[in-house]
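Listing of my_file10.cif; format and content: mmCIF, C-alpha atoms.
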```cif
data_final
#
loop_
_atom_site.label_atom_id
_atom_site.label_comp_id
_atom_site.auth_asym_id
_atom_site.auth_seq_id
_atom_site.Cartn_x
_atom_site.Cartn_y
_atom_site.Cartn_z
CA MET L 253 -64.88 147.82 242.62
CA THR L 254 -63.71 151.27 243.48
CA ARG L 255 -66.96 153.10 243.89
CA PRO L 256 -70.12 152.11 245.69
CA LEU L 257 -72.69 151.62 242.96
CA SER L 258 -76.26 150.75 243.68
CA ALA L 259 -79.56 150.69 241.85
CA GLY L 260 -81.21 154.08 241.80
CA MET L 261 -77.93 156.00 241.76
CA GLU L 262 -77.76 158.84 239.24
CA ILE L 263 -74.51 159.32 237.38
CA SER L 264 -73.09 162.76 236.60
CA PRO L 265 -75.10 164.38 233.80
CA LEU L 266 -73.27 165.69 230.75
CA HIS L 267 -74.20 169.04 229.25
CA LYS L 268 -73.51 169.51 225.54
CA GLY L 269 -74.11 172.23 223.01
CA PRO L 270 -75.57 174.48 221.90
CA VAL L 271 -75.23 172.34 218.78
CA THR L 272 -74.02 174.44 215.85
CA GLN L 273 -74.23 173.93 212.09
CA ILE L 274 -70.43 173.69 212.17
CA ASP L 275 -70.75 170.78 214.64
CA LEU L 276 -72.93 169.00 212.09
CA VAL L 277 -70.45 169.65 209.27
CA LYS L 278 -67.64 168.36 211.49
CA TYR L 279 -69.60 165.27 212.45
CA SER L 280 -70.51 164.60 208.80
CA GLY L 281 -66.83 164.71 207.88
CA ALA L 282 -65.65 162.67 210.85
CA SER L 283 -68.33 160.01 210.49
CA GLY L 284 -68.64 159.85 206.71
CA ASP L 285 -72.40 160.42 206.96
CA PHE L 286 -72.94 163.09 204.32
CA ASN L 287 -76.72 162.92 204.17
CA PRO L 288 -77.52 166.56 203.22
CA ILE L 289 -80.42 166.76 205.70
CA HIS L 290 -77.69 167.43 208.29
CA THR L 291 -75.76 170.10 206.43
CA VAL L 292 -77.65 171.67 203.52
CA GLU L 293 -80.40 173.97 204.76
CA SER L 294 -82.26 174.20 201.42
CA PHE L 295 -82.23 170.41 201.04
CA ALA L 296 -83.52 169.86 204.58
CA ILE L 297 -86.32 172.38 204.02
CA ALA L 298 -87.28 170.73 200.71
CA ALA L 299 -87.34 167.40 202.57
CA GLY L 300 -89.97 168.85 204.88
CA LEU L 301 -87.74 169.01 207.95
CA GLY L 302 -87.92 172.77 208.36
CA GLY L 303 -84.13 173.03 208.40
CA VAL L 304 -81.09 170.89 209.07
CA ILE L 305 -81.27 168.34 211.87
CA ALA L 306 -78.45 166.77 213.86
CA HIS L 307 -77.32 163.21 213.23
CA GLY L 308 -78.94 160.87 215.73
CA MET L 309 -75.51 159.30 216.09
CA LEU L 310 -74.10 162.63 217.30
CA THR L 311 -76.55 162.68 220.19
CA MET L 312 -75.79 159.02 220.86
CA ALA L 313 -72.08 159.92 220.95
CA TYR L 314 -72.84 162.55 223.61
CA VAL L 315 -74.55 159.91 225.74
CA GLY L 316 -71.58 157.62 225.08
CA GLN L 317 -69.25 160.32 226.38
CA MET L 318 -71.24 160.52 229.60
CA LEU L 319 -70.94 156.74 229.97
CA THR L 320 -67.22 156.50 229.25
CA ASP L 321 -66.57 159.48 231.56
CA PHE L 322 -68.44 157.66 234.30
CA ALA L 323 -66.75 154.32 233.58
CA GLY L 324 -63.32 155.94 233.66
CA MET L 325 -60.60 153.38 234.25
CA ASP L 326 -62.83 151.17 236.40
CA ALA L 327 -65.19 149.74 233.83
CA ASP L 328 -65.71 148.95 230.15
CA LEU L 329 -68.83 149.81 228.21
CA VAL L 330 -70.12 146.46 226.96
CA ASP L 331 -73.60 147.28 225.77
CA PHE L 332 -75.20 150.51 224.62
CA ARG L 333 -78.57 150.83 222.89
CA VAL L 334 -80.83 153.78 222.18
CA ARG L 335 -84.02 154.72 220.46
CA PHE L 336 -84.09 158.05 218.60
CA ARG L 337 -87.29 159.77 219.59
CA ALA L 338 -87.09 163.36 218.40
CA MET L 339 -84.94 165.65 216.30
CA VAL L 340 -82.11 167.86 217.52
CA ARG L 341 -81.59 171.16 215.70
CA PRO L 342 -78.83 173.76 215.63
CA GLY L 343 -79.13 175.96 218.72
CA ASP L 344 -80.33 173.10 220.93
CA THR L 345 -78.56 172.28 224.16
CA ILE L 346 -78.52 168.68 225.30
CA VAL L 347 -78.38 167.16 228.76
CA CYS L 348 -77.42 163.50 228.97
CA ARG L 349 -78.50 161.59 232.05
CA GLY L 350 -78.07 158.09 233.40
CA VAL L 351 -79.33 156.14 236.36
CA VAL L 352 -78.19 152.73 237.58
CA THR L 353 -81.10 150.30 237.40
CA GLU L 354 -79.45 147.01 238.31
CA MET L 355 -76.22 145.61 239.73
CA ARG L 356 -75.37 141.96 239.26
CA GLU L 357 -72.40 139.65 239.09
CA ASP L 358 -71.54 137.07 236.48
CA ASP L 359 -68.39 135.14 235.50
CA SER L 360 -66.89 138.23 233.86
CA GLY L 361 -67.31 140.50 236.86
CA LEU L 362 -69.68 143.07 238.23
CA LEU L 363 -72.21 144.39 235.74
CA ALA L 364 -74.08 147.67 236.09
CA THR L 365 -77.17 148.27 233.95
CA LEU L 366 -78.15 151.88 233.37
CA GLN L 367 -81.06 153.70 231.87
CA VAL L 368 -79.83 156.61 229.76
CA SER L 369 -81.44 159.55 228.04
CA ALA L 370 -80.75 162.88 226.39
CA GLU L 371 -83.10 165.81 226.43
CA THR L 372 -83.12 169.28 224.93
CA GLN L 373 -83.72 172.66 226.56
CA ARG L 374 -87.37 172.15 225.51
CA GLN L 375 -87.48 169.19 227.94
CA GLU L 376 -88.00 166.95 224.94
CA THR L 377 -86.43 163.50 225.23
CA VAL L 378 -84.47 162.98 222.02
CA VAL L 379 -82.71 159.74 222.91
CA LYS L 380 -83.62 157.03 225.36
CA GLY L 381 -81.95 153.72 226.01
CA THR L 382 -79.89 151.41 228.17
CA ALA L 383 -76.24 150.66 228.76
CA MET L 384 -74.19 148.08 230.56
CA LEU L 385 -70.81 148.61 232.20
CA ARG L 386 -68.54 145.77 233.24
CA TYR L 387 -66.39 146.53 236.28
CA LEU L 388 -62.95 145.02 236.26
CA MET V 53 -88.09 144.90 199.23
CA ASP V 54 -86.78 141.56 197.97
CA LYS V 55 -86.85 139.30 201.04
CA SER V 56 -84.27 136.89 199.58
CA ILE V 57 -81.59 139.39 200.56
CA VAL V 58 -82.31 138.90 204.26
CA GLY V 59 -79.46 137.10 205.99
CA VAL V 60 -76.87 137.75 203.29
CA TRP V 61 -73.65 139.17 204.76
CA SER V 62 -71.44 141.61 202.88
CA ARG V 63 -67.91 140.47 202.09
CA PRO V 64 -65.82 141.69 205.09
CA VAL V 65 -63.73 144.81 204.51
CA ALA V 66 -60.45 145.53 206.30
CA ASN V 67 -60.55 148.79 208.29
CA VAL V 68 -57.47 150.19 209.97
CA VAL V 69 -58.46 152.21 213.03
CA GLU V 70 -56.57 155.37 212.12
CA GLN V 71 -55.24 157.64 214.86
CA GLY V 72 -56.12 160.82 212.97
CA ALA V 73 -59.63 159.60 212.20
CA VAL V 74 -60.23 158.76 215.86
CA ARG V 75 -58.94 162.16 217.01
CA LYS V 76 -61.09 163.98 214.45
CA PHE V 77 -64.12 161.95 215.50
CA ALA V 78 -63.49 162.73 219.17
CA ASP V 79 -63.08 166.42 218.25
CA ALA V 80 -66.32 166.36 216.24
CA ILE V 81 -68.32 164.99 219.17
CA GLY V 82 -66.56 167.39 221.55
CA ASP V 83 -65.12 164.63 223.74
CA PRO V 84 -61.79 165.72 225.28
CA ASN V 85 -60.96 162.21 226.62
CA ARG V 86 -57.18 161.75 226.46
CA LEU V 87 -57.59 158.03 225.69
CA TYR V 88 -58.57 159.07 222.15
CA ARG V 89 -55.65 161.39 221.42
CA ASP V 90 -52.79 161.38 223.95
CA GLU V 91 -50.60 158.40 223.14
CA GLU V 92 -48.25 158.75 226.10
CA TYR V 93 -51.12 159.07 228.53
CA ALA V 94 -52.94 156.08 227.03
CA ARG V 95 -49.80 153.93 227.29
CA GLY V 96 -49.79 154.46 231.05
CA THR V 97 -53.38 153.25 231.46
CA ARG V 98 -54.71 149.69 231.61
CA PHE V 99 -55.48 149.93 227.89
CA GLY V 100 -51.80 150.43 227.11
CA ARG V 101 -52.67 152.25 223.89
CA LEU V 102 -55.13 154.70 222.34
CA ILE V 103 -58.71 153.50 221.97
CA ALA V 104 -61.68 154.72 219.91
CA PRO V 105 -64.93 156.18 221.27
CA PRO V 106 -67.67 153.51 221.32
CA THR V 107 -69.84 154.99 218.57
CA PHE V 108 -66.81 155.39 216.27
CA CYS V 109 -67.58 151.82 215.11
CA ARG V 110 -70.45 153.12 212.97
CA THR V 111 -67.95 154.91 210.73
CA PHE V 112 -66.24 151.77 209.44
CA ASP V 113 -66.67 150.47 205.91
CA PHE V 114 -68.86 147.38 206.27
CA GLY V 115 -68.80 146.41 202.62
CA ILE V 116 -71.63 146.02 200.18
CA ILE V 117 -74.56 143.66 200.56
CA GLU V 118 -74.85 142.24 197.06
CA GLY V 119 -78.16 143.21 195.46
CA LEU V 120 -79.33 145.59 198.19
CA THR V 121 -80.31 149.06 197.02
CA ILE V 122 -81.89 151.56 199.39
CA ALA V 123 -82.46 155.22 198.64
CA GLN V 124 -80.90 157.29 201.42
CA GLU V 125 -83.58 159.97 201.23
CA GLY V 126 -86.45 159.60 203.64
CA LEU V 127 -84.67 157.12 205.89
CA ILE V 128 -85.16 157.54 209.61
CA HIS V 129 -82.66 156.09 212.05
CA GLY V 130 -84.97 154.59 214.66
CA GLU V 131 -82.73 152.60 216.96
CA GLN V 132 -79.05 151.83 217.36
CA SER V 133 -77.19 149.43 219.58
CA PHE V 134 -73.58 148.42 220.16
CA HIS V 135 -72.17 145.42 221.94
CA PHE V 136 -68.48 145.31 222.75
CA GLU V 137 -66.31 142.32 223.62
CA ARG V 138 -63.53 144.83 224.33
CA PRO V 139 -62.59 148.40 223.37
CA VAL V 140 -61.50 149.14 219.80
CA TYR V 141 -57.78 149.93 219.67
CA VAL V 142 -56.20 152.62 217.53
CA GLY V 143 -53.88 151.06 214.97
CA GLU V 144 -55.60 147.68 214.80
CA GLU V 145 -57.16 146.23 211.69
CA LEU V 146 -60.78 145.13 211.93
CA TRP V 147 -62.66 143.17 209.31
CA CYS V 148 -66.16 144.60 209.15
CA SER V 149 -69.29 143.28 207.50
CA GLU V 150 -73.02 143.81 207.65
CA CYS V 151 -76.28 142.06 206.96
CA LEU V 152 -79.95 142.92 206.64
CA THR V 153 -81.36 140.61 209.31
CA ASP V 154 -85.03 141.45 208.91
CA THR V 155 -87.42 143.68 207.05
CA TYR V 156 -91.15 144.17 207.46
CA THR V 157 -93.84 146.70 206.61
CA ARG V 158 -96.34 148.24 208.98
CA SER V 159 -99.21 150.49 208.08
CA GLY V 160 -99.73 153.49 210.31
CA GLY V 161 -101.69 156.70 210.37
CA SER V 162 -99.28 158.44 208.01
CA GLY V 163 -99.01 155.57 205.51
CA ALA V 164 -96.95 152.40 205.29
CA MET V 165 -93.52 152.22 206.83
CA THR V 166 -90.84 149.69 205.97
CA PHE V 167 -88.53 148.65 208.80
CA LEU V 168 -85.02 147.51 207.98
CA ILE V 169 -82.95 145.82 210.67
CA PHE V 170 -79.22 145.75 210.03
CA ALA V 171 -76.55 143.86 211.96
CA GLN V 172 -72.87 144.69 211.72
CA LYS V 173 -69.77 143.11 213.16
CA GLY V 174 -66.07 143.78 213.47
CA GLU V 175 -63.50 141.02 213.90
CA THR V 176 -59.74 140.79 213.97
CA LYS V 177 -57.91 139.00 211.18
CA ASP V 178 -57.81 135.94 213.44
CA GLY V 179 -61.58 135.94 213.80
CA GLU V 180 -61.77 137.44 217.30
CA LEU V 181 -65.14 139.19 217.54
CA VAL V 182 -64.64 142.76 218.85
CA PHE V 183 -68.05 144.38 218.42
CA THR V 184 -71.51 143.96 216.97
CA THR V 185 -74.06 146.63 216.17
CA ARG V 186 -77.73 146.66 215.31
CA ALA V 187 -79.56 149.44 213.54
CA ASN V 188 -83.27 149.84 213.02
CA VAL V 189 -83.97 152.04 210.01
CA ILE V 190 -87.43 153.16 208.89
CA GLN V 191 -88.45 154.11 205.38
CA LYS V 192 -91.71 155.93 204.91
CA GLU V 193 -93.85 155.03 201.92
CA GLY V 194 -93.24 157.32 198.99
CA ALA V 195 -90.12 158.81 200.51
CA GLY V 196 -86.90 158.44 198.62
CA ALA V 197 -88.60 156.83 195.63
#
```
With the file now loaded, output its structure as structure tokens.
Amino acid sequence: MTRPLSAGMEISPLHKGPVTQIDLVKYSGASGDFNPIHTVESFAIAAGLGGVIAHGMLTMAYVGQMLTDFAGMDADLVDFRVRFRAMVRPGDTIVCRGVVTEMREDDSGLLATLQVSAETQRQETVVKGTAMLRYL
Amino acid sequence: MDKSIVGVWSRPVANVVEQGAVRKFADAIGDPNRLYRDEEYARGTRFGRLIAPPTFCRTFDFGIIEGLTIAQEGLIHGEQSFHFERPVYVGEELWCSECLTDTYTRSGGSGAMTFLIFAQKGETKDGELVFTTRANVIQKEGAGA
């Protein structure tokens, strides 16, 4: 293990955005998720959403980036789970955060469990979950 | 929802992890990580090759669950999880399939909601499990009908 990890330690937050409509078009194309609620304003309004909303998976990808940045070459991401709690809209900025909640060892190595989240500039938590990193 | 469909896996579909698709995905999520796009750099790391971002796995073709029809409108993605046995390598072929593992209806203040729990997996041709995912999708009553 190359860095001293311990429960309670906060990892470097990742700042993303502001999310643009172009970001949503790009993510639709790159992911194959063409649900028009993410790209077609009139459709999203008719669906009662008040305008296009970001893909939950885009926000999850941001949190994933924070985790893989933190893992670097030292660890692999083995488990990553989130709950989508609120909508992200164009113009929103996102801060991803993580804190180590447990360190333990098993046959495969040292495992770090983290609590992760993403929140908007409105201090609204949009994604909340957990992750596990295996140190090599 | 016809419950008999629960537990039926789609026929696995071969997905080649394409270098351009991985780079475009990494661009779309704004992740500059060189492991996703710089082949020479990646070769010098412990991975020895380019890899895909973790959530890229959701973009694979997981095949069709015979008899399952769900309107896309009105669906809410409630939860998502990934479990990895190892990273996904660019250039490899993964056989991907999915299954509705559970479905149930709950009544709430704003009407009934149907929960759909999907499991997905990706394996090599030799049957080595690489990743599994789980998605919790919610359909509100009346939506998408």
- request: Could you tell me which of L:Val378, L:Ala338, L:Leu362, L:Ala313 comes closest to chain V if we count only C-alpha atoms?
  value: L:Ala313
Could you tell me, as a CSV table (one decimal) with C-alpha atoms, in the coordinates of the input, exactly which residues end up selected when the PyMOL selection byres ((chain V) within 8 of (chain L)) is applied to this structure?
```
chain,number,residue,atom,x,y,z
V,73,ALA,CA,-59.6,159.6,212.2
V,76,LYS,CA,-61.1,164.0,214.4
V,77,PHE,CA,-64.1,162.0,215.5
V,80,ALA,CA,-66.3,166.4,216.2
V,81,ILE,CA,-68.3,165.0,219.2
V,83,ASP,CA,-65.1,164.6,223.7
V,85,ASN,CA,-61.0,162.2,226.6
V,97,THR,CA,-53.4,153.2,231.5
V,98,ARG,CA,-54.7,149.7,231.6
V,105,PRO,CA,-64.9,156.2,221.3
V,106,PRO,CA,-67.7,153.5,221.3
V,107,THR,CA,-69.8,155.0,218.6
V,108,PHE,CA,-66.8,155.4,216.3
V,110,ARG,CA,-70.4,153.1,213.0
V,111,THR,CA,-68.0,154.9,210.7
V,124,GLN,CA,-80.9,157.3,201.4
V,126,GLY,CA,-86.4,159.6,203.6
V,129,HIS,CA,-82.7,156.1,212.0
V,130,GLY,CA,-85.0,154.6,214.7
V,131,GLU,CA,-82.7,152.6,217.0
V,132,GLN,CA,-79.0,151.8,217.4
V,133,SER,CA,-77.2,149.4,219.6
V,134,PHE,CA,-73.6,148.4,220.2
V,135,HIS,CA,-72.2,145.4,221.9
V,136,PHE,CA,-68.5,145.3,222.8
V,137,GLU,CA,-66.3,142.3,223.6
V,138,ARG,CA,-63.5,144.8,224.3
V,139,PRO,CA,-62.6,148.4,223.4
```
message: Assuming the chain letters and numbering stay as they are in my file, what does the PyMOL selection byres ((chain V and resi 173-180) around 9) actually select? List them as a PyMOL selection string.
response: chain V and resi 64+66+109+112+114+144-150+171-172+181-186
task: Could you state which residues are captured by the PyMOL selection byres ((chain L and resi 371) around 9) in this file, as a list in words?
output: Thr345, Ile346, Val347, Cys348, Arg349, Ser369, Ala370, Thr372, Gln373, Arg374, Gln375, Glu376, Thr377, Val378, Val379 and Lys380 of chain L
Grab the residues selected above and save them as an mmCIF file, keeping the file's coordinate frame with C-alpha atoms.
```cif
data_model
loop_
_atom_site.group_PDB
_atom_site.id
_atom_site.type_symbol
_atom_site.label_atom_id
_atom_site.label_comp_id
_atom_site.auth_asym_id
_atom_site.auth_seq_id
_atom_site.Cartn_x
_atom_site.Cartn_y
_atom_site.Cartn_z
ATOM 1 C CA THR L 345 -78.560 172.280 224.160
ATOM 2 C CA ILE L 346 -78.520 168.680 225.300
ATOM 3 C CA VAL L 347 -78.380 167.160 228.760
ATOM 4 C CA CYS L 348 -77.420 163.500 228.970
ATOM 5 C CA ARG L 349 -78.500 161.590 232.050
ATOM 6 C CA SER L 369 -81.440 159.550 228.040
ATOM 7 C CA ALA L 370 -80.750 162.880 226.390
ATOM 8 C CA THR L 372 -83.120 169.280 224.930
ATOM 9 C CA GLN L 373 -83.720 172.660 226.560
ATOM 10 C CA ARG L 374 -87.370 172.150 225.510
ATOM 11 C CA GLN L 375 -87.480 169.190 227.940
ATOM 12 C CA GLU L 376 -88.000 166.950 224.940
ATOM 13 C CA THR L 377 -86.430 163.500 225.230
ATOM 14 C CA VAL L 378 -84.470 162.980 222.020
ATOM 15 C CA VAL L 379 -82.710 159.740 222.910
ATOM 16 C CA LYS L 380 -83.620 157.030 225.360
#
```
task: Select, counting all atoms listed in the file, all protein, DNA and RNA residues no farther than 6 Å from (-71.5, 157.1, 234.6) in file coordinates, and express the selection as an NGL selection string.
output: :L and (263 or 319 or 322-323)
Output file for the residues above (C-alpha atoms, as a JSON list (two decimals), keeping the file's coordinate frame):
```json
[["chain", "number", "residue", "atom", "x", "y", "z"],
["L", 263, "ILE", "CA", -74.51, 159.32, 237.38],
["L", 319, "LEU", "CA", -70.94, 156.74, 229.97],
["L", 322, "PHE", "CA", -68.44, 157.66, 234.30],
["L", 323, "ALA", "CA", -66.75, 154.32, 233.58]]
```
message: Would you compute the distance between CA of Val351 in chain L and CA of Thr365 in chain L? Give it in Å to one decimal.
response: 8.5 Å
task: For Ala94 in chain V, please output as a list in words all residues within 12 Å (counting all atoms listed in the file; exclusion window: fewer than 3 positions along the same chain).
output: Met325 of chain L; Asn85, Arg86, Leu87, Tyr88, Arg89, Asp90, Glu91, Thr97, Arg98, Phe99, Gly100, Arg101, Leu102, Ile103, Ala104, Tyr141 and Val142 of chain V
- prompt: In Å, with one decimal, what is the gap from CA of His290 in chain L to CA of Ile128 in chain V?
  reply: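 Distance between the two atoms: 12.5 Å.
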field: Close residues, Thr155 in chain V itself excluded, 10 Å, only C-alpha atoms, min 5 positions apart in chain, as an MDAnalysis selection string
entry: chainID V and resid 53:55 57:58 166:170 188:190
For those residues, write C-alpha atoms to a file as a PDB file, keeping the file's coordinate frame.
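After the write, selection.pdb holds the following:
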```pdb
ATOM      1  CA  MET V  53     -88.090 144.900 199.230  1.00  0.00           C
ATOM      2  CA  ASP V  54     -86.780 141.560 197.970  1.00  0.00           C
ATOM      3  CA  LYS V  55     -86.850 139.300 201.040  1.00  0.00           C
ATOM      4  CA  ILE V  57     -81.590 139.390 200.560  1.00  0.00           C
ATOM      5  CA  VAL V  58     -82.310 138.900 204.260  1.00  0.00           C
ATOM      6  CA  THR V 166     -90.840 149.690 205.970  1.00  0.00           C
ATOM      7  CA  PHE V 167     -88.530 148.650 208.800  1.00  0.00           C
ATOM      8  CA  LEU V 168     -85.020 147.510 207.980  1.00  0.00           C
ATOM      9  CA  ILE V 169     -82.950 145.820 210.670  1.00  0.00           C
ATOM     10  CA  PHE V 170     -79.220 145.750 210.030  1.00  0.00           C
ATOM     11  CA  ASN V 188     -83.270 149.840 213.020  1.00  0.00           C
ATOM     12  CA  VAL V 189     -83.970 152.040 210.010  1.00  0.00           C
ATOM     13  CA  ILE V 190     -87.430 153.160 208.890  1.00  0.00           C
TER      14      ILE V 190
END
```
field: Residue neighbourhood Ser162 in chain V, 10 Å, only C-alpha atoms, exclusion window fewer than 3 positions, as a PyMOL selection string
entry: chain V and resi 159+165+192-193
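The space separating CA of Val368 in chain L from CA of Ala306 in chain L comes to 18.9 Å.
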